[in-house]
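Colleague: Provided below: final.tsv, containing TSV, C-alpha atoms.
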```tsv
chain	number	residue	atom	x	y	z
I	1	ALA	CA	-46.71	36.42	-137.79
I	2	SER	CA	-46.58	37.70	-141.34
I	3	LEU	CA	-43.45	38.05	-143.42
I	4	ALA	CA	-43.74	41.84	-143.18
I	5	THR	CA	-43.89	41.62	-139.38
I	6	ALA	CA	-40.81	39.40	-139.22
I	7	VAL	CA	-38.84	41.67	-141.55
I	8	ALA	CA	-40.00	44.78	-139.70
I	9	ASP	CA	-38.95	43.31	-136.34
I	10	ALA	CA	-35.46	42.54	-137.67
I	11	ALA	CA	-35.23	45.97	-139.27
I	12	ILE	CA	-36.16	47.73	-136.05
I	13	GLU	CA	-33.45	45.82	-134.19
I	14	ASN	CA	-30.92	47.00	-136.79
I	15	ALA	CA	-32.32	50.52	-137.36
I	16	VAL	CA	-33.03	49.81	-141.05
I	17	PRO	CA	-36.10	51.32	-142.77
I	18	VAL	CA	-38.55	48.86	-144.33
I	19	VAL	CA	-40.32	49.42	-147.63
I	20	VAL	CA	-42.95	46.81	-148.55
I	21	VAL	CA	-44.17	45.96	-152.06
I	22	VAL	CA	-47.47	44.08	-151.91
I	23	ARG	CA	-50.33	43.12	-154.16
I	24	GLU	CA	-52.81	44.98	-151.96
I	25	ASP	CA	-52.32	46.98	-148.79
I	26	HIS	CA	-55.08	46.83	-146.20
I	27	THR	CA	-53.13	48.32	-143.32
I	28	SER	CA	-53.50	51.77	-141.91
I	29	ARG	CA	-50.67	54.25	-141.69
I	30	ARG	CA	-50.69	53.74	-137.91
I	31	GLN	CA	-50.38	49.95	-138.25
I	32	ARG	CA	-47.47	50.33	-140.64
I	33	ALA	CA	-45.76	52.85	-138.37
I	34	ASN	CA	-46.14	50.50	-135.40
I	35	LEU	CA	-44.30	47.84	-137.40
I	36	GLY	CA	-41.58	50.24	-138.49
I	37	ILE	CA	-42.69	50.10	-142.13
I	38	VAL	CA	-41.90	53.47	-143.71
I	39	GLY	CA	-43.29	52.86	-147.18
I	40	THR	CA	-45.84	50.57	-148.81
I	41	TYR	CA	-46.31	50.25	-152.55
I	42	SER	CA	-48.97	48.17	-154.28
I	43	TYR	CA	-48.65	46.51	-157.66
I	44	GLY	CA	-52.30	45.44	-158.10
I	45	ASP	CA	-53.14	42.42	-160.19
I	46	GLU	CA	-50.14	42.62	-162.51
I	47	LEU	CA	-47.53	40.31	-161.02
I	48	ASN	CA	-45.27	40.87	-164.03
I	49	THR	CA	-45.00	44.54	-163.03
I	50	VAL	CA	-43.42	43.78	-159.64
I	51	LYS	CA	-39.84	43.83	-160.96
I	52	ALA	CA	-40.32	47.15	-162.75
I	53	ARG	CA	-42.10	48.61	-159.73
I	54	ALA	CA	-39.33	47.48	-157.35
I	55	GLN	CA	-36.64	48.92	-159.64
I	56	ARG	CA	-38.43	52.27	-159.76
I	57	ILE	CA	-38.82	52.32	-155.98
I	58	ALA	CA	-35.14	51.48	-155.52
I	59	ARG	CA	-34.16	54.39	-157.78
I	60	THR	CA	-36.47	56.98	-156.27
I	61	TRP	CA	-37.26	56.08	-152.67
I	62	SER	CA	-35.87	58.08	-149.78
I	63	VAL	CA	-36.56	58.21	-146.06
I	64	SER	CA	-38.01	61.70	-146.42
I	65	GLY	CA	-40.60	60.34	-148.84
```
Write the structure described by the file as structure tokens, please.

Modeller:
Amino acid sequence: ASLATAVADAAIENAVPVVVVVREDHTSRRQRANLGIVGTYSYGDELNTVKARAQRIARTWSVSG
């Protein structure tokens, strides 16, 4: 199982939404929904942008999208 799957399983058990930040996302909306993942954000090839991207997501993300 992937890290996202393990986190999603734990989140479902605790009714906590999961937002994933990944280099590339190759999953469909349906696959993410089945895992309980409510948001996926890609950072591309710039690993040094992950922190800034995560901070922006934390400031602006909401369940309603």

Colleague: If you measure from CA of Pro17 (chain I) to CA of Thr40 (chain I), what distance in Å do you get, rounded to one decimal?

Modeller: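 Between these atoms lies a distance of 11.5 Å.
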
Colleague: Please, what distance in Å, to one decimal, runs between CA of Ala8 (chain I) and CA of Thr49 (chain I)?

Modeller: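 So the answer is 23.9 Å.
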
Colleague: Could you work out an axis-aligned box for region 37-41 of chain I, taking every atom the file lists and adding 6 Å on each side, and report centre and edge lengths in Å to one decimal, as JSON?

Modeller:
```
{"center_x": -44.1, "center_y": 51.8, "center_z": -147.3, "size_x": 16.4, "size_y": 15.4, "size_z": 22.4}
```

Colleague: Could you tell me which of I:Val50, I:Ile12, I:Leu3, I:Val20 comes closest to Asn34 (chain I) if we count only C-alpha atoms?

Modeller: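 Smallest separation from Asn34 (chain I) among the options: I:Ile12.
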
Colleague: What is the distance between CA of Arg29 (chain I) and CA of Ala15 (chain I), in Å to one decimal?

Modeller: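 Going from CA of Arg29 (chain I) over to CA of Ala15 (chain I) covers 19.2 Å.
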
Colleague: Using all atoms listed in the file, which protein or nucleic acid residues come within 9 Å of region 45-47 of chain I? Drop anything in the same chain fewer than 4 positions from it, and give the result as a PyMOL selection string.

Modeller: chain I and resi 23-24+51

Colleague: My list of candidates is I:Ala33, I:Ala4, I:Val21, I:Val38. Which is closest to Ile57 (chain I) when distances are computed with all atoms listed in the file?

Modeller: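 When distances to Ile57 (chain I) are compared using all atoms listed in the file, the smallest one comes from I:Val21.
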
Colleague: Compare I:Gly36, I:Tyr41, I:Arg56, I:Trp61 by their minimum atom-to-atom distance to Val16 (chain I), counting all atoms listed in the file, and give me the closest one.

Modeller: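 Smallest distance to Val16 (chain I) is found for I:Gly36.
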